[in-house]
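Below you'll find the structure, written out as structure tokens, and then a few comments.
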Amino acid sequence: MNKRERALKALHIEEPDRVPITELDIEIPHMETLTGSRFSGNYSLQTSVSADRKHEATYIKIKAKCYKRLGFDVVFSDLSAPDGWETVVKQNGTTTDEWGRVLVRDSQTKAWLPGGSIFKTPEDFKGFVSNSPDPNAPGRTFAAEYMKKIVGEEMAVAVFIRDPFAHVWEMFTPTTFVRWMYEKPQLVRKALKVLTKFNIEVIKCLADVGVDFIVSGGDYCETKGPMVPVKYFREVIFPLLKKQVEVAHKGGLKFIKHTDGNVNPLLDYLVNIVDGVHSLDPSAGVDIGEVKEKYGDKLVLMGNVSVDNLATKSRKEVVEETKECIRKASPGGGHFLSSSNSWFAGAKLDNCLAMVETGKKYGRYPITV
Amino acid sequence: MANNKMSVDVRGFIKGIQNMVSELAGVEEIKKFVVKALNSRINPVDVMDAVSHGMNVVGEKYEKGEYFLSELIMAGIIAKEIMNTVAPYLNKKADEKSIGKVVIGTVKGDLHDIGKNIVIAMLSSMGFIVKDLGIDVPCKMFVKTIENERPNILAMSCLLTSSMNEMRKVIEELSKVGLRENIKVMVGGRPVTPQFAKAIGADAYGANAFEAVKVAKALMKRGVRHE
């Protein structure tokens with residue numbers, strides 16, 4: 001069984017030979033250490049920041065090399081900026097993405113992070129709608145195609161897209177989003193629909209590329225629970241999520257929803273919409289064993305070695321936590337071992353490697369740990 | 001939705017404002033009601049007290065899981081709008097009206113500001129003057145600002161585990177230059193715990209935006225110097 005086959009078995013909630021292992025992302029400093037390669041450009045998991053295909057190809061090659069070296073079963077790709085997109089960096093060091101999000105560059109990780117918005121008034125958004133990004137623009141799936149070309153059938157390839165809710169929450173900034181959610185509900189709904197329409201077209205393109213599954217990034221929850229009322233999820237956000245999942249399924253793609261935070265109040269709904277959930281954030285009180293027991297026959301679970309513990313705990317403690325995670329979530333299949341978010345630059349690399357080694361050692365089926 | 005019918009008695013006005021805040025009435029509706037109250041010679045301080053009580057109800061509902069983050073943020077927006085409406089009636093300078101001054105920032109090495117900005121909105125809405133130093137704030141900038149601004153409280157935030165020790169560094173530097181004893185320090189952010197706050201010598205820890213406001217108010221009551 002090769003890595004891709006192992007991942008596909010788990011995606012179908014069947015037991016492969018071993019629990020598949022992967023990470024949603026590994027920040028550049030760790031990838032440089034693991035591969036010995038250097039990357040001089042910038043990147044962002046949260047948006048497409050450059051159409052410099054040479055830099056993008058270098059980044060993808062380093063990522064594929066890193067994931068292969070770790071023996072991961074799935075590698076993740078991002079969406080690309082369309083051909084011709086230029087990153088304009090202002091004097092204050094910020095740039096603005098296609099979606100009007102103002103980004104700030106983290107010099108340590110070389111990543112662009114959202115830090116503001118161009119949308120100050122409802123009129124700003126109304127003007128934006130008519131010129132919103134084209135999902136079918138040439139080059140949009142460059143990264144996915146290039147990644148697929150490099151890894152072939154060796155590893156499963158998943159593509160990270162942005163959830164409309166999380167994207168609009170950041171596009172408008174949380175305070176403006178909430179104010180408009182109450183005062184201009186139709187405007188927020190319109191924004192969510194624009195993003196959903198974009199995603200639907202992108203998912204169709206990704207199905208043509210031949211990737212294996214979609215991960216919809218962006219958080220629904222914070223530590224205490226959902227960021228907006230569950231009713232709003234039911235009435236506004238989930239119907240739009242469902243539309244994306246249906247298109248993915250038509251294209252033969254599984255659909256995994258990522259969210260940090262306490263997702264427990266949403267799982268009863270998500271189980272009927274998506275194929276799986278990533279993160280299952282233990283720092284927010286999510287117990288992967290309880291989730292497995294309640295939803296394990298329907299939901300693929302990706303997680304959940306604490307991303308915080310990777311930075312603060314000892315190797316021995318991480319080994320024990322990983323064994324516990326496998327014991328709770330792997331039996332019966334449908335589990336991908338990963339951290340509860342990603343290997344960020346502050347995580348101890350030795351702890352990250354301990355998680356992988358433990359996964360390979362104790363993740364063999366039948367699970368006996 | 002709260003009862004916005006004009007009431008002739010003070011208690012009716014006060015209760016009305018409190019309910020409108022806690023039930024998240026529309027901003028314009030509640031502003032009109034507040035202006036009516038103020039024009040009926042309701043004491044502006046009583047209006048602010050009503051807002052404070054309303055916000056406490058919102059916070060309790062959030063703690064119990066009856067309200068969500070969006071409702072906490074919206075309550076902060078409403079409270080801030082009322083503060084702005086009441087301000088001209090208070091006939092005092094901004095510093096005199098405030099219940100305390102807070103310097104806040106995300107520590108060096110960390111560019112995340114969503115949580116910090118929500119805390120700022122909540123603190124401002126509750127009558128604190130807030131000086132926001134932004135993100136990736138170096139230790140020196142915290143110290144210099146505290147020296148110049150003389151706030152009551154320093155609030156530091158971080159999301160990255162790798163940046164947590166910057167909080168300790170700032171507190172140590174404040175001690176070195178003799179500023180620590182005149183200021184209370186509160187910390188928060190995803191990886192921060194009460195144990196960590198204690199270990200680095202912070203005075204308090206806030207688990208979320210609502211708790212941050214409660215903590216800041218409690219710190220003020222504990223007799224922080226207020227210039």
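Following the order of the structure tokens, chains are lettered A, B, ..., residues in each are numbered from 1, and ligands are numbered from 1.
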Under the rule of at most 6 Å, produce a per-residue listing of chain A near chain B: chain, number, name, the closest pair of atoms, and the distance in Å, as a tab-separated table, using only C-alpha atoms.
```
residue	atom	partner	partner_atom	distance
A:Val178	CA	B:Ser70	CA	5.8
A:Met227	CA	B:Leu69	CA	4.9
A:Val228	CA	B:Ser70	CA	5.1
A:Pro229	CA	B:Phe68	CA	5.7
A:Gly346	CA	B:Ser162	CA	4.5
```
Counting only C-alpha atoms, what are the residues of segment 60-82 of chain A within 12 Å of segment 121-134 of chain A, and for each of them which pair of atoms is the nearest and at what distance in Å, to one decimal? Sort the table by chain and rising number, as CSV.
```
residue,atom,partner,partner_atom,distance
A:Ser80,CA,A:Asp134,CA,11.9
A:Ala81,CA,A:Pro133,CA,9.6
A:Pro82,CA,A:Asp134,CA,8.4
```
Run DSSP on the backbone and tell me which residues of segment 169-211 of chain B come out as alpha helix (DSSP H); list them as a VMD selection string.
chain B and resid 169 to 176 194 to 199 209 to 211
One decimal place gives the atom CA of Glu29 of chain B-atom CA of Ala216 of chain B separation as 29.4 Å
- Message: Need to verify the contact set: Glu293 of chain A, 9 Å, only C-alpha atoms, exclusion of same-chain residues closer than 4 positions in sequence. Can you return it as a ChimeraX atom specification?
- Response: /A:288-289,297,328-329
Correct to one decimal, the distance atom CA of Ile183 of chain B-atom CA of Ile171 of chain B is 10.2 Å
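For segment 88-178 of chain B, the set of residues given strand (DSSP E) by DSSP on the backbone reads B:Gly100, B:Lys101, B:Val102, B:Val103, B:Ile104, B:Gly105, B:Thr106, B:Phe128, B:Ile129, B:Val130, B:Lys131, B:Asp132, B:Ile153, B:Leu154, B:Ala155, B:Met156, B:Ser157.
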Next, dump the selected residues to file, keeping only N, CA and C atoms, as a PDB file, in the first residue's frame.
```pdb
ATOM      1  N   GLY B 100      -9.750  54.399  33.828  1.00  0.00           N
ATOM      2  CA  GLY B 100      -8.370  53.960  33.895  1.00  0.00           C
ATOM      3  C   GLY B 100      -7.716  54.019  32.529  1.00  0.00           C
ATOM      4  N   LYS B 101      -6.401  53.989  32.528  1.00  0.00           N
ATOM      5  CA  LYS B 101      -5.691  54.037  31.249  1.00  0.00           C
ATOM      6  C   LYS B 101      -4.924  52.725  31.041  1.00  0.00           C
ATOM      7  N   VAL B 102      -5.066  52.169  29.849  1.00  0.00           N
ATOM      8  CA  VAL B 102      -4.420  50.885  29.540  1.00  0.00           C
ATOM      9  C   VAL B 102      -3.517  51.049  28.324  1.00  0.00           C
ATOM     10  N   VAL B 103      -2.283  50.578  28.439  1.00  0.00           N
ATOM     11  CA  VAL B 103      -1.409  50.446  27.268  1.00  0.00           C
ATOM     12  C   VAL B 103      -1.449  48.983  26.868  1.00  0.00           C
ATOM     13  N   ILE B 104      -1.682  48.732  25.595  1.00  0.00           N
ATOM     14  CA  ILE B 104      -1.859  47.350  25.136  1.00  0.00           C
ATOM     15  C   ILE B 104      -1.066  47.087  23.866  1.00  0.00           C
ATOM     16  N   GLY B 105      -0.609  45.869  23.694  1.00  0.00           N
ATOM     17  CA  GLY B 105       0.080  45.515  22.459  1.00  0.00           C
ATOM     18  C   GLY B 105       0.306  44.022  22.349  1.00  0.00           C
ATOM     19  N   THR B 106       0.494  43.559  21.108  1.00  0.00           N
ATOM     20  CA  THR B 106       0.914  42.181  20.864  1.00  0.00           C
ATOM     21  C   THR B 106       2.434  42.169  20.892  1.00  0.00           C
ATOM     22  N   PHE B 128     -12.424  52.755  29.628  1.00  0.00           N
ATOM     23  CA  PHE B 128     -10.967  52.845  29.734  1.00  0.00           C
ATOM     24  C   PHE B 128     -10.419  53.661  28.562  1.00  0.00           C
ATOM     25  N   ILE B 129      -9.370  54.419  28.834  1.00  0.00           N
ATOM     26  CA  ILE B 129      -8.611  55.019  27.735  1.00  0.00           C
ATOM     27  C   ILE B 129      -7.569  53.997  27.330  1.00  0.00           C
ATOM     28  N   VAL B 130      -7.535  53.663  26.051  1.00  0.00           N
ATOM     29  CA  VAL B 130      -6.637  52.590  25.620  1.00  0.00           C
ATOM     30  C   VAL B 130      -5.626  53.120  24.607  1.00  0.00           C
ATOM     31  N   LYS B 131      -4.376  52.915  24.901  1.00  0.00           N
ATOM     32  CA  LYS B 131      -3.303  53.254  23.958  1.00  0.00           C
ATOM     33  C   LYS B 131      -2.833  51.954  23.330  1.00  0.00           C
ATOM     34  N   ASP B 132      -3.123  51.806  22.021  1.00  0.00           N
ATOM     35  CA  ASP B 132      -2.787  50.565  21.322  1.00  0.00           C
ATOM     36  C   ASP B 132      -1.437  50.706  20.630  1.00  0.00           C
ATOM     37  N   ILE B 153      -2.553  50.280  33.688  1.00  0.00           N
ATOM     38  CA  ILE B 153      -2.442  48.850  33.354  1.00  0.00           C
ATOM     39  C   ILE B 153      -1.674  48.666  32.051  1.00  0.00           C
ATOM     40  N   LEU B 154      -0.810  47.654  32.043  1.00  0.00           N
ATOM     41  CA  LEU B 154      -0.190  47.209  30.791  1.00  0.00           C
ATOM     42  C   LEU B 154      -0.846  45.874  30.434  1.00  0.00           C
ATOM     43  N   ALA B 155      -1.370  45.786  29.216  1.00  0.00           N
ATOM     44  CA  ALA B 155      -1.975  44.523  28.755  1.00  0.00           C
ATOM     45  C   ALA B 155      -1.167  44.006  27.572  1.00  0.00           C
ATOM     46  N   MET B 156      -0.706  42.768  27.686  1.00  0.00           N
ATOM     47  CA  MET B 156       0.080  42.177  26.592  1.00  0.00           C
ATOM     48  C   MET B 156      -0.606  40.922  26.077  1.00  0.00           C
ATOM     49  N   SER B 157      -0.535  40.762  24.757  1.00  0.00           N
ATOM     50  CA  SER B 157      -1.207  39.644  24.110  1.00  0.00           C
ATOM     51  C   SER B 157      -0.234  38.903  23.201  1.00  0.00           C
TER      52      SER B 157
END
```
From the list A:Val74, A:Met155, A:Val271, A:Ile118, the nearest residue to Thr94 of chain A using only C-alpha atoms is A:Ile118
Checklist entry - Quick one: of B:Arg222, B:Lys32, B:Arg11, B:Lys116, who's nearest to Gly115 of chain A, counting only C-alpha atoms? => result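 Checking each candidate against Gly115 of chain A, we get B:Lys116 as the closest.
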_What's the separation between atom CA of Ile42 of chain B and atom CA of Phe13 of chain B, in Å to one decimal place?_
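Atom-to-atom, atom CA of Ile42 of chain B to atom CA of Phe13 of chain B, that is 7.9 Å.
Here the question is which of A:Lys120, A:Asp25, A:Phe142, A:Phe160 gets nearest to Arg179 of chain A using only C-alpha atoms, and that residue is A:Lys120.
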Checklist line | Test item: residues at most 8 Å from segment 43-54 of chain B, only C-alpha atoms, excluding those fewer than 6 positions along its chain, as JSON, numbers by chain | finding: {"B": [14, 15, 17, 18, 19, 20, 21, 22, 34, 79, 82, 83, 86, 89, 90, 126]}
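Around Arg38 of chain A, within 9 Å and counting only C-alpha atoms, the residues found are Ile28, Pro29, Met31, Glu32, Thr33, Thr35 and Ile62 of chain A, once anything fewer than 3 positions away on its own chain is removed.
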Next, write the just-selected residues to a file, as a tab-separated table (two decimals), in the first residue's frame, keeping N, CA and C atoms as the atom set.
```tsv
chain	number	residue	atom	x	y	z
A	28	ILE	N	8.16	27.75	6.95
A	28	ILE	CA	9.39	27.69	6.17
A	28	ILE	C	10.65	27.38	6.98
A	29	PRO	N	10.87	28.01	8.14
A	29	PRO	CA	12.11	27.69	8.86
A	29	PRO	C	12.29	26.19	9.12
A	31	MET	N	10.89	23.72	7.32
A	31	MET	CA	11.10	23.04	6.03
A	31	MET	C	12.54	23.22	5.56
A	32	GLU	N	13.09	24.41	5.82
A	32	GLU	CA	14.49	24.65	5.43
A	32	GLU	C	15.42	23.72	6.22
A	33	THR	N	15.15	23.57	7.51
A	33	THR	CA	15.98	22.69	8.34
A	33	THR	C	15.87	21.24	7.87
A	35	THR	N	14.99	20.03	4.94
A	35	THR	CA	15.41	19.72	3.56
A	35	THR	C	16.80	20.23	3.21
A	62	ILE	N	10.20	22.53	-2.44
A	62	ILE	CA	10.73	22.36	-1.07
A	62	ILE	C	9.68	21.64	-0.21
```
If you count only C-alpha atoms, the residue of B:Tyr205, B:Phe33, B:Phe210, B:Phe196 closest to Met164 of chain B turns out to be B:Phe196
For Ser314 of chain A, work out the shell of residues within 8 Å, counting only C-alpha atoms and skipping chain neighbours fewer than 3 positions away, then give it as a PyMOL selection string.
chain A and resi 317-318+351
Selection file, C-alpha atoms, as a compact mmCIF listing (two decimals), in the first residue's frame:
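In the end it all went to result-v7.txt:
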```txt
# COMPACT_ATOMS: atom_id res chain seq x y z
CA GLU A 317 5.25 13.97 26.78
CA VAL A 318 4.60 14.41 23.05
CA ASN A 351 8.78 17.24 19.24
```
>> Just checking: using only C-alpha atoms, which residue out of B:Ala202, B:Gly134, B:Met122, B:Met220 ends up closest to Pro151 of chain B?
In response: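 Closest candidate: B:Met220.
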